[in-house]
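Visitor: The following block contains the structure, expressed as C-alpha cells.
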Number of protein chains: 2
Amino acid sequence: MKKALTIISGGIDSSTLLYKILNDRYEAYALTFIYGQKHSKEVEVAKDITSKLNIDHKVIDISSLQEILRSALTSPEIKIPEVSGELKHYDSLKFTVVPNRNSIFLSIAVGYAISIRVNHVFYAAHFSDRGVYPDCREEFVEAFNHASRLATDNPDLVIEAPFIKMSKSEIVSLGTKLGVPYELTWSCYKGGEKHCGVCSSCRERKRAFQDIGIPDPTVYER
Amino acid sequence: MKKALTIISGGIDSSTLLYKILNDRYEAYALTFIYGQKHSKEVEVAKDITSKLNIDHKVIDISSLQEILRSALTSPEIKIPEVSGELKHYDSLKFTVVPNRNSIFLSIAVGYAISIRVNHVFYAAHFSDRGVYPDCREEFVEAFNHASRLATDNPDLVIEAPFIKMSKSEIVSLGTKLGVPYELTWSCYKGGEKHCGVCSSCRERKRAFQDIGIPDPTVYER
C-alpha cells in the first residue's frame with residue numbers, strides 16, 4: 001500500500017484532500033502546524049477530522065515563528081481585514097500572506113516523510129490561491145519538488161498538489177461526493193466562536209458552496 | 001548598504017561566515033535554531049558571538065520538530081556515535097543527518113528575510129559536508145534558490161553558500177585572518193562541558209586546525 005503524508009489545516013481544501021487520499025487507497029499520515037495563527041480553532045478541527053478517520057496525526061507547534069514572520073494571520077498588531085467588494089477582496093488577501101509559509105510547511109513535511117519512509121507528500125493549494133499566494137502555484141510545486149529530491153537524495157519523493165487547477169467550488173463538489181463533514185471544517189481567519197462571514201476566507205467559503213448550489217452547513221455571524 | 005541574513009549555529013563554519021559577511025560590508029542579521037539538538041550549547045555560543053559583534057540575532061525554538069525528525073542529533077533513543085577510523089567516520093556521520101534540515105532552516109530564513117526586506121540569505125555548507133549531507137550540495141542550493149524565488153515572488157532573492165567549495169581547513173584559515181574567536185565556537189555533537197574529541201564533529205574540528213597548521217584553541221576531553 002502506498003503511503004502519503006498530507007498537511008491538513010482543518011479547512012475545506014485540506015480536509016477534502018485527506019478524504020481524497022483515503023479514497024485513492026493511500027495509507028494516510030497527517031501533519032498540522034500551530035504557527036501562531038489567530039484562527040487556531042482550525043487545529044482542533046483538524047484533530048477532530050483525523051481522529052474521526054482514525055489517522056496517524058501529528059500536531060507540531062512552531063508558533064515561535066510568529067516572532068519573525070509578518071502577516072495579518074499571525075502578527076497581533078495587524079488586524080484581519082474585512083471585505084466589502086471584489087477589488088477589496090484581493091487587497092485584503094494580501095495582508096494574509098504568511099511569507100514562505102508553504103515552503104516552510106513542506107520542508108518540515110518532507111523531513112517527517114523521510115523519517116517515516118513516506119514518498120508522497122500532499123498539500124491542498126488550489127487554483128484561486130495562485131493570484132496572491134505564490135507558494136500555491138504549479139511552478140513552485142515543481143521547483144520545490146526538485147529541490148526536495150536533491151535535499152534528501154530521494155528521487156522517489158513526490159510533492160503533490162492535486163487541487164492546483166481546481167476551484168474551491170470544484171473541491172466542495174468532490175468532497176461532497178466523498179462525504180467530507182464540512183460542518184466540522186473551519187475557514188474563518190478571525191477564529192471566533194462562529195465563522196465571521198466577512199473576512200476574505202469566509203467570503204471564499206460562502207461563494208464555494210453558492211457557486212455549485214450545494215447547501216452550506218456553516219453558521220455565519222454576518 | 002546591502003543586507004544579509006545568516007543562519008548561525010555557533011560552530012566554526014557559520015561563525016566564520018558571519019565574520020566574512022561583515023568583512024564584505026553587509027548589514028548583518030543572524031538566525032539560530034533550537035531544533036532539539038543535544039548539543040544545544042552551540043546556541044549559547046551563537047548568542048555570545050552575535051552579541052560580541054552587536055548584531056541583530058533571533059533565536060527560534062522549533063524543538064517540537066524533534067518529535068518527527070529522526071536523527072542521532074535529536075532523538076534521545078539514538079546515541080551519538082564515536083569514531084575510530086576513516087570508514088567509521090563516514091558511517092558515523094550518517095547517523096547525524098537530520099532529514100531535510102537545511103531545507104527547513106532555509107525556508108524559515110527566507111520567510112524571515114522577506115519580512116525584514118533582506119534579499120541575501122547565507123548558510124555555511126562546506127565542501128566536506130557534501131558526501132553525507134545532500135542539502136549541502138551546490139545543486140541543492142541552486143534548486144532551492146529557484147524554488148524560493150517562486151515561493152516569495154521575489155526574483156532578487158539570493159541564497160548563498162560561499163563555503164560550498166571550501167574545506168574546513170580553508171574556512172579556519174580565512175577565519176583566522178578575519179579574527180574569528182574560535183575559542184568561543186562549539187562543534188561537539190555530545191554537548192558536554194568540554195569538546196569530547198571523539199565524535200565525528202570533534203574529529204573534523206581537530207583535523208581542520210591540524211591540516212592548516214594553525215594552533216587549535218579547543219580543550220578536548222580525549
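Each chain of the C-alpha cells is named A, B, ... in the order shown, its residues numbered from 1; ligands are numbered from 1 in display order.
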Output the contact residues of chain B with respect to chain A at a cut-off of 8 Å, based on only C-alpha atoms, as a PyMOL selection string.
Guide: chain B and resi 60-62+64-65+68-70+98-104+107-108+110-112+114-115+134-136+139-140+143-144+146-148+150-153
Visitor: Keeping only C-alpha atoms, write the selected residues as a compact mmCIF listing (two decimals), in the first residue's frame.
Guide:
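Once written, part_5.txt looks like this:
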# COMPACT_ATOMS: atom_id res chain seq x y z
CA ILE B 60 13.88 30.49 17.21
CA ASP B 61 12.75 27.40 19.09
CA ILE B 62 11.43 24.72 16.77
CA SER B 64 8.90 20.42 18.57
CA LEU B 65 10.35 19.03 15.32
CA ILE B 68 9.04 13.95 13.83
CA LEU B 69 12.66 14.14 12.60
CA ARG B 70 14.70 11.05 13.31
CA VAL B 98 18.71 15.43 10.33
CA PRO B 99 16.32 14.78 7.43
CA ASN B 100 15.89 17.92 5.34
CA ARG B 101 17.41 20.16 8.00
CA ASN B 102 18.86 22.82 5.74
CA SER B 103 15.74 22.96 3.65
CA ILE B 104 13.74 23.59 6.82
CA SER B 107 12.68 28.06 4.31
CA ILE B 108 12.23 29.75 7.65
CA VAL B 110 13.64 33.07 3.65
CA GLY B 111 10.30 33.84 5.34
CA TYR B 112 12.11 36.00 7.89
CA ILE B 114 11.03 38.63 3.28
CA SER B 115 9.54 40.04 6.50
CA PRO B 134 22.70 16.20 0.40
CA ASP B 135 21.30 19.58 1.47
CA CYS B 136 24.87 20.92 1.50
CA GLU B 139 22.90 21.63 -6.96
CA PHE B 140 20.60 21.78 -3.93
CA ALA B 143 17.41 24.40 -6.91
CA PHE B 144 16.32 25.75 -3.54
CA HIS B 146 14.95 28.88 -7.66
CA ALA B 147 12.07 27.41 -5.62
CA SER B 148 12.36 30.18 -3.01
CA LEU B 150 8.99 31.39 -6.91
CA ALA B 151 7.62 30.85 -3.40
CA THR B 152 8.05 34.51 -2.49
CA ASP B 153 7.64 36.10 -5.92
Visitor: I need the strand (DSSP E or B) residues of region 45-217 of chain B per DSSP on the backbone, written as a list in words.
Guide: Asp56, His57, Lys58, Val59, Ile60, Asp61, Glu82, His120, Val121, Phe122, Val158, Ile159, Glu160, His195 and Cys199 of chain B
Visitor: What's the 6 Å shell around region 173-190 of chain B, counting only C-alpha atoms, without same-chain residues fewer than 2 positions away, as a PyMOL selection string?
Guide: chain B and resi 10-12+16+39+42+170-171+192+195+201-202+217-218
Visitor: Only C-alpha atoms, please: the residues just picked out, written as an mmCIF file, in the first residue's frame.
Guide:
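What ended up in out36.cif:
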data_model
loop_
_atom_site.group_PDB
_atom_site.id
_atom_site.type_symbol
_atom_site.label_atom_id
_atom_site.label_comp_id
_atom_site.auth_asym_id
_atom_site.auth_seq_id
_atom_site.Cartn_x
_atom_site.Cartn_y
_atom_site.Cartn_z
ATOM 1 C CA GLY B 10 27.724 28.607 16.809
ATOM 2 C CA GLY B 11 30.133 26.251 15.058
ATOM 3 C CA ILE B 12 33.299 27.051 13.130
ATOM 4 C CA THR B 16 33.384 32.354 10.104
ATOM 5 C CA HIS B 39 24.453 19.982 21.637
ATOM 6 C CA GLU B 42 26.079 25.818 20.434
ATOM 7 C CA GLU B 170 40.369 26.686 4.317
ATOM 8 C CA ILE B 171 37.499 28.121 6.352
ATOM 9 C CA GLY B 192 29.117 18.133 27.336
ATOM 10 C CA HIS B 195 34.511 19.051 23.436
ATOM 11 C CA SER B 201 32.268 16.675 14.513
ATOM 12 C CA CYS B 202 35.140 16.925 17.038
ATOM 13 C CA PRO B 217 42.403 26.705 20.922
ATOM 14 C CA THR B 218 39.897 23.956 21.812
#
Visitor: Determine, counting only C-alpha atoms, which protein, DNA and RNA residues have an atom within 9 Å of an atom of Lys38 (chain B); residues of the same chain fewer than 3 positions away are not included. Present the result as a VMD selection string.
Guide: chain B and resid 41 72 to 76 189 to 191
Visitor: In region 34-137 of chain B, what's helix (DSSP H, G or I) per DSSP? Answer as a ChimeraX atom specification?
Guide: /B:41-53,63-67,86-95,101-115,127-130,134-136
Visitor: Excluding Leu22 (chain B) and any residue of its chain fewer than 2 positions from it, enumerate the residues within 12 Å of it, using only C-alpha atoms, and give them as an MDAnalysis selection string.
Guide: chainID B and resid 1:6 15:20 24:30 50 53:55 175 178:180
Visitor: Restricting the calculation to only C-alpha atoms: of B:Asp91, B:Glu44, B:Tyr220, B:Gly131, which residue gets closest to Gly197 (chain B)?
Guide: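 That would be B:Tyr220, the residue with the smallest distance to Gly197 (chain B).
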